[in-house]
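Below: the structure, in C-alpha cells.
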Amino acid sequence: MEFKDFSELVKLVRGKPNRVVVPGAASAEVLEALKMSDEAGLLSGGALVGDKKEVEALAARVGLGLGRFQLFQETEVSRMCDLAAGLIKDGGGDFLVKGMVDTKSFLKSIMRRESGLVDEGAALSHVVLFQTARYHKLFALSDAAIMIAPSLEEKRLIVRNAVGVMRRLGVATPKVAVICPIEKVNPGIPSTEDAAALAAMSRDGRIGNAVVEGPYDLYIAFSRRLADEKGVKGGLVPGDADIAVLPDLDAANAVYKAISFFADGFASAAIVAGARLPVILPSRADEPRTKMLSIALASFMKGRTLPA
C-alpha cells in the first residue's frame, strides 16, 4: 500500500489539480469540507450547482473563498444532479461530491446511460476506509449506503468493487471477510449460505485477485487469537482482513456508524465504487474531516487503473 494512514494520504495528494463538482452545493457541511480541503491543498477549484445566493451566503459563513469555483444556478434536485453529471462527462471536473440532494436522484444521474459514467453491467456500491487504534492497518467496509438487501450476484459485485478500491490503494491480493452472525453455514441464516457461495466463487476464479473467506463473524475477521479460540484454525483472512463485507444495509450502516461514534482514535474516508471516476456520497452526520479525507481519497483514486 502506498500509504499506511490518512496523514500519509493527504501528503501524497496535496497540490494535485483536483476539480470537484457538487450538486446541491447549498450545504454548510459540504462547504466546510471544501474549505478544509482547500486549506489542505487538496483542491484546485470546481463547480458548485445550486441556488447561487444560498451558496454564496453559506460559503461566506464557513469562510470558503469562491474565486476558483464556478457557480451554476439551479434549484430543482434532478436537474442539479443531471447538470453535475454532465459537467463531469464534458471534462468540467474530476470527481463528484453529493451536496444537499437526495441520494436516489444523485445516483440516478450517475447511472444514466447518457452520463457515460458507469460501464454496462457495473453496479455502484459504497466503500468506507477505516483507520482505528485497535487494528494494525487500514480496512474497508461495504456496503453501508447503497444496496439495501443485495442478492448473491449483487454481493459479488460489492466484493468486486471493494477489491478494486483496495487494489488501487496498493493491496495486491485483498483479503475479504464475508461477515455473518456465526461462522458456520446455517440454512436458517441465509447470509451464511451467501458467504460460503462467495468464498467458492473466489476459489474458482469468479472474483479474482482476492482471497474471500466466510462465513466469519467480526471477531474472527479481525483477530487471529479470537479465531483460534472459536476453532477457526485455517484461512488467510482471520486477523488480517482488508475488507469486511456485511450482509445488508441494516448491518453495514449500523457497524459503520458504531465505529464512527464509539471508536477512539479513528479516521475514515468513503467513496462510491463502480463508476469510471470517484464519487463521494457523504452523510450529513459525517464530520467535516471525514468529508475532507474522502476528497483526499478520491484524489488518490483519480485516474488509477487496476494493477495487472
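Following the order of the C-alpha cells, chains are lettered A, B, ..., residues in each are numbered from 1, and ligands are numbered from 1.
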
Closest-contact table, region 144-184 of chain A side, partner region 3-8 of chain A, 12 Å, counting only C-alpha atoms, as a tab-separated table:
```
residue	atom	partner	partner_atom	distance
A:Met166	CA	A:Phe3	CA	11.7
A:Arg168	CA	A:Phe3	CA	11.5
A:Leu169	CA	A:Phe3	CA	8.0
A:Gly170	CA	A:Phe3	CA	8.5
A:Val171	CA	A:Phe3	CA	10.5
```

* To do: With a distance cut-off of 12 Å and only C-alpha atoms, select the neighbouring residues of Glu120 (chain A), excluding the residue or stretch itself and same-chain residues fewer than 6 positions from it, and output the selection as a PyMOL selection string.
  => chain A and resi 111-114+274-276

* **Test item: residues at most 10 Å from region 26-39 of chain A, only C-alpha atoms, excluding those fewer than 5 positions along its chain, as a ChimeraX atom specification** => /A:10,14-15,18,20,44-45,48-66,75,97-101,282-296

* Take CA of Ile280 (chain A) and CA of Gln73 (chain A) and report the distance between them in Å, one decimal. =>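 We find that CA of Ile280 (chain A) and CA of Gln73 (chain A) lie 21.5 Å from each other.
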
* Skip Leu124 (chain A) itself and residues of its chain fewer than 6 positions away, then list as a ChimeraX atom specification all residues within 8 Å of it, counting only C-alpha atoms. => /A:146,158,161,272-275

Could you save the residues just selected, with N, CA and C atoms, as an mmCIF file, in the first residue's frame?
```cif
data_model
loop_
_atom_site.group_PDB
_atom_site.id
_atom_site.type_symbol
_atom_site.label_atom_id
_atom_site.label_comp_id
_atom_site.auth_asym_id
_atom_site.auth_seq_id
_atom_site.Cartn_x
_atom_site.Cartn_y
_atom_site.Cartn_z
ATOM 1 N N ILE A 146 -25.769 2.014 -0.123
ATOM 2 C CA ILE A 146 -26.452 1.957 -1.420
ATOM 3 C C ILE A 146 -27.324 0.712 -1.567
ATOM 4 N N ILE A 158 -20.444 -6.157 -5.019
ATOM 5 C CA ILE A 158 -19.943 -5.391 -3.878
ATOM 6 C C ILE A 158 -18.509 -5.798 -3.559
ATOM 7 N N ASN A 161 -16.156 -4.539 -6.330
ATOM 8 C CA ASN A 161 -15.895 -3.104 -6.224
ATOM 9 C C ASN A 161 -14.921 -2.793 -5.094
ATOM 10 N N VAL A 272 -17.964 6.088 -3.451
ATOM 11 C CA VAL A 272 -18.818 5.161 -4.187
ATOM 12 C C VAL A 272 -17.955 4.515 -5.254
ATOM 13 N N ALA A 273 -17.888 3.187 -5.245
ATOM 14 C CA ALA A 273 -17.098 2.447 -6.223
ATOM 15 C C ALA A 273 -18.014 1.918 -7.323
ATOM 16 N N GLY A 274 -17.433 1.674 -8.484
ATOM 17 C CA GLY A 274 -18.176 1.104 -9.600
ATOM 18 C C GLY A 274 -18.347 2.058 -10.762
ATOM 19 N N ALA A 275 -18.127 3.355 -10.531
ATOM 20 C CA ALA A 275 -18.195 4.336 -11.615
ATOM 21 C C ALA A 275 -16.809 4.503 -12.231
#
```

* Asked: Pick from A:Leu152, A:Ala144, A:Ala122, A:Ala172: nearest to Pro190 (chain A), with only C-alpha atoms counted?
  -> A:Leu152

* To do: Rank A:Pro278, A:Leu297, A:Gly116, A:Val211 by their smallest atom-to-atom distance to Leu42 (chain A), using only C-alpha atoms, and report the top residue only.
  => A:Leu297

Taking a cut-off of 12 Å and counting only C-alpha atoms, can you build a table that, for each residue of region 190-240 of chain A near region 126-136 of chain A, reports the nearest atom pair and how far apart they are in Å (one decimal), sorted by chain then residue number, as a tab-separated table?
```
residue	atom	partner	partner_atom	distance
A:Tyr219	CA	A:Tyr135	CA	11.8
A:Ala221	CA	A:Tyr135	CA	11.2
A:Phe222	CA	A:Tyr135	CA	7.6
A:Ser223	CA	A:Tyr135	CA	8.9
A:Arg224	CA	A:Tyr135	CA	11.7
A:Gly239	CA	A:Tyr135	CA	9.0
A:Asp240	CA	A:His136	CA	8.4
```

Kindly save the residues from that selection, with C-alpha atoms included, as a PDB file, in the first residue's frame.
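Output saved as again-v2.pdb:
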```pdb
ATOM      1  CA  TYR A 219     -14.175 -11.264  15.892  1.00  0.00           C
ATOM      2  CA  ALA A 221     -12.246 -11.413  10.696  1.00  0.00           C
ATOM      3  CA  PHE A 222     -10.148  -9.032  12.753  1.00  0.00           C
ATOM      4  CA  SER A 223      -8.460 -11.205  15.410  1.00  0.00           C
ATOM      5  CA  ARG A 224      -6.386 -14.318  14.795  1.00  0.00           C
ATOM      6  CA  GLY A 239      -6.837 -11.345  11.946  1.00  0.00           C
ATOM      7  CA  ASP A 240      -5.665  -9.770   8.688  1.00  0.00           C
TER       8      ASP A 240
END
```

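Here CA of Ala25 (chain A) stands at a distance of 26.5 Å from CA of Lys11 (chain A).
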
* To do: Can you check which residues of region 170-220 of chain A DSSP gives as alpha helix (DSSP H) on the backbone and send them as a list in words?
  => Pro190, Ser191, Thr192, Glu193, Asp194, Ala195, Ala196, Ala197, Leu198, Ala199, Ala200, Met201, Ser202, Arg203, Leu218, Tyr219 and Ile220 of chain A

* To do: Provide the CA of Lys233 (chain A) to CA of Gly205 (chain A) distance in Å, to one decimal place.
  =>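 Between CA of Lys233 (chain A) and CA of Gly205 (chain A) the gap is 23.6 Å.
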
* Picked from region 89-167 of chain A by DSSP as strand (DSSP E), as a PyMOL selection string -> chain A and resi 95-97+125-131+139-142

Please identify all polymer residues within 9 Å of Val255 (chain A), counting only C-alpha atoms, omitting same-chain residues fewer than 3 positions from it, and present them as an mmCIF file with C-alpha atoms, in the first residue's frame.
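Output below, filename result16.cif:
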```cif
data_model
loop_
_atom_site.group_PDB
_atom_site.id
_atom_site.type_symbol
_atom_site.label_atom_id
_atom_site.label_comp_id
_atom_site.auth_asym_id
_atom_site.auth_seq_id
_atom_site.Cartn_x
_atom_site.Cartn_y
_atom_site.Cartn_z
ATOM 1 C CA LEU A 141 -16.297 -1.880 4.991
ATOM 2 C CA ALA A 144 -23.206 0.840 4.152
ATOM 3 C CA LEU A 246 -21.660 -7.100 5.585
ATOM 4 C CA ASP A 250 -29.106 -2.696 8.016
ATOM 5 C CA ALA A 251 -25.964 -4.406 9.292
ATOM 6 C CA ALA A 252 -23.366 -2.428 7.356
ATOM 7 C CA ALA A 258 -20.994 2.407 15.548
ATOM 8 C CA ILE A 259 -17.306 2.602 14.630
ATOM 9 C CA SER A 260 -17.638 6.292 13.765
#
```
